Amino acid sequence: MNFTEQVSVLIMGNLQSIILVITVLILLALIVFININIKLSRLNKKYSAMMRGTDGGNLESLLMKQSTQIAQAVDQVSKMDIECKKLSAISKNCVQKVGLVRFNAFEDVGSDLSFALAILDGQNNGLVISSIYGRSESRIYAKPVENGQSSYHLTDEEKAALNKAQEKTIS
């Protein structure tokens with residue numbers, strides 16, 4: 001018996017096993033093919049979503065456009081930050097805190113018609129205005145305030161108005 005006859009006999013004797021092995025290999029190949037197709041489908045969906053709205057342009061021009069827009073946005077934010085710092089510095093010198101105390105200066109005058117008003121900026125500089133109301137006359141006084149203190153004598157009501165104003169915090 002020559003070699004080809006021996007191979008033929010071997011194949012014919014194990015034909016069921018060989019067909020079973022080939023069938024298993026074909027099924028494995030089919031599973032791998034299906035898996036690759038699923039991954040390719042997902043990749044195509046992602047690609048289509050990424051390229052949507054590009055009007056046929058290439059990805060490089062899209063990225064360049066986005067890069068330019070990002071640079072412009074960063075520049076605008078920097079300018080806004082500078083303006084914000086300027087406004088913050090200016091606002092420290094603006095009226096930020098107000099304290100008001102109403103009181104009755106005289107027993108013969110009804111109601112709390114007199115008042116002390118403290119007006120301060122962010123650094124507790126400003127003034128205290130007092131109005132003393134009487135039946136026959138009314139007087140108004142103004143006293144400067146620096147760093148939360150006045151160089152003039154303050155009445156109890158003026159001190160209370162100043163304390164009310166200083167208690168307010170601006171963030």
# chains A, B, ... in the order shown; residues from 1 in each chain; ligands from 1
>>> select_by_dssp(residues="stretch 59-128 of chain A", states="strand (DSSP E or B)", output="list in words")
Lys97, Val98, Gly99, Leu100, Val101, Arg102, Phe103, Ser114, Phe115, Ala116, Leu117, Ala118, Ile119, Leu120, Gly126, Leu127 and Val128 of chain A
>>> write_last_selection(atoms="N, CA and C atoms", output="PDB file, in the first residue's frame")
ATOM      1  N   LYS A  97     -22.343  98.786  52.930  1.00  0.00           N
ATOM      2  CA  LYS A  97     -22.933  98.468  54.231  1.00  0.00           C
ATOM      3  C   LYS A  97     -23.716  99.671  54.744  1.00  0.00           C
ATOM      4  N   VAL A  98     -24.924  99.398  55.210  1.00  0.00           N
ATOM      5  CA  VAL A  98     -25.784 100.459  55.729  1.00  0.00           C
ATOM      6  C   VAL A  98     -26.403  99.967  57.029  1.00  0.00           C
ATOM      7  N   GLY A  99     -26.358 100.822  58.032  1.00  0.00           N
ATOM      8  CA  GLY A  99     -27.000 100.504  59.306  1.00  0.00           C
ATOM      9  C   GLY A  99     -27.878 101.671  59.732  1.00  0.00           C
ATOM     10  N   LEU A 100     -29.111 101.374  60.125  1.00  0.00           N
ATOM     11  CA  LEU A 100     -30.066 102.427  60.498  1.00  0.00           C
ATOM     12  C   LEU A 100     -30.635 102.111  61.877  1.00  0.00           C
ATOM     13  N   VAL A 101     -30.631 103.158  62.731  1.00  0.00           N
ATOM     14  CA  VAL A 101     -31.253 103.049  64.055  1.00  0.00           C
ATOM     15  C   VAL A 101     -32.203 104.232  64.198  1.00  0.00           C
ATOM     16  N   ARG A 102     -33.474 103.944  64.470  1.00  0.00           N
ATOM     17  CA  ARG A 102     -34.464 104.995  64.725  1.00  0.00           C
ATOM     18  C   ARG A 102     -34.652 105.097  66.237  1.00  0.00           C
ATOM     19  N   PHE A 103     -34.851 106.335  66.697  1.00  0.00           N
ATOM     20  CA  PHE A 103     -35.030 106.513  68.141  1.00  0.00           C
ATOM     21  C   PHE A 103     -35.836 107.773  68.409  1.00  0.00           C
ATOM     22  N   SER A 114     -36.403 110.485  65.111  1.00  0.00           N
ATOM     23  CA  SER A 114     -34.974 110.757  64.970  1.00  0.00           C
ATOM     24  C   SER A 114     -34.305 109.468  64.490  1.00  0.00           C
ATOM     25  N   PHE A 115     -33.129 109.638  63.836  1.00  0.00           N
ATOM     26  CA  PHE A 115     -32.441 108.435  63.353  1.00  0.00           C
ATOM     27  C   PHE A 115     -30.938 108.660  63.281  1.00  0.00           C
ATOM     28  N   ALA A 116     -30.196 107.560  63.257  1.00  0.00           N
ATOM     29  CA  ALA A 116     -28.759 107.561  62.997  1.00  0.00           C
ATOM     30  C   ALA A 116     -28.547 106.581  61.852  1.00  0.00           C
ATOM     31  N   LEU A 117     -27.835 107.009  60.825  1.00  0.00           N
ATOM     32  CA  LEU A 117     -27.617 106.213  59.626  1.00  0.00           C
ATOM     33  C   LEU A 117     -26.127 106.111  59.354  1.00  0.00           C
ATOM     34  N   ALA A 118     -25.593 104.882  59.341  1.00  0.00           N
ATOM     35  CA  ALA A 118     -24.183 104.657  59.014  1.00  0.00           C
ATOM     36  C   ALA A 118     -24.104 104.131  57.589  1.00  0.00           C
ATOM     37  N   ILE A 119     -23.256 104.750  56.761  1.00  0.00           N
ATOM     38  CA  ILE A 119     -23.064 104.355  55.370  1.00  0.00           C
ATOM     39  C   ILE A 119     -21.569 104.079  55.192  1.00  0.00           C
ATOM     40  N   LEU A 120     -21.221 102.811  54.853  1.00  0.00           N
ATOM     41  CA  LEU A 120     -19.811 102.409  54.780  1.00  0.00           C
ATOM     42  C   LEU A 120     -19.510 101.706  53.456  1.00  0.00           C
ATOM     43  N   GLY A 126     -16.581 105.722  55.530  1.00  0.00           N
ATOM     44  CA  GLY A 126     -17.837 106.350  55.131  1.00  0.00           C
ATOM     45  C   GLY A 126     -18.228 107.444  56.085  1.00  0.00           C
ATOM     46  N   LEU A 127     -19.514 107.448  56.507  1.00  0.00           N
ATOM     47  CA  LEU A 127     -19.978 108.483  57.408  1.00  0.00           C
ATOM     48  C   LEU A 127     -21.186 108.006  58.198  1.00  0.00           C
ATOM     49  N   VAL A 128     -21.452 108.721  59.276  1.00  0.00           N
ATOM     50  CA  VAL A 128     -22.643 108.504  60.087  1.00  0.00           C
ATOM     51  C   VAL A 128     -23.441 109.792  60.034  1.00  0.00           C
TER      52      VAL A 128
END
>>> residues_around(residues="A:Arg139", least_positions_apart="4", cutoff="10 Å", atoms="only C-alpha atoms", output="ChimeraX atom specification")
/A:114,130-134
>>> atom_distance(atom1="atom CA of A:Ser91", atom2="atom CA of A:Gly122")
7.4 Å
>>> select_by_dssp(residues="stretch 16-151 of chain A", states="helix (DSSP H, G or I)", output="PyMOL selection string")
chain A and resi 16-51+59-91
>>> closest_residue(among="A:Val24, A:Val7, A:Ile82, A:Ala105", to="A:Glu157", atoms="only C-alpha atoms")
A:Ala105
>>> atom_distance(atom1="atom CA of A:Glu158", atom2="atom CA of A:Asn104")
13.2 Å
>>> closest_residue(among="A:Met1, A:Lys164, A:Glu107, A:Leu113", to="A:Ser138", atoms="only C-alpha atoms")
A:Leu113
>>> atom_distance(atom1="atom CA of A:Ala29", atom2="atom CA of A:Leu15")
20.9 Å
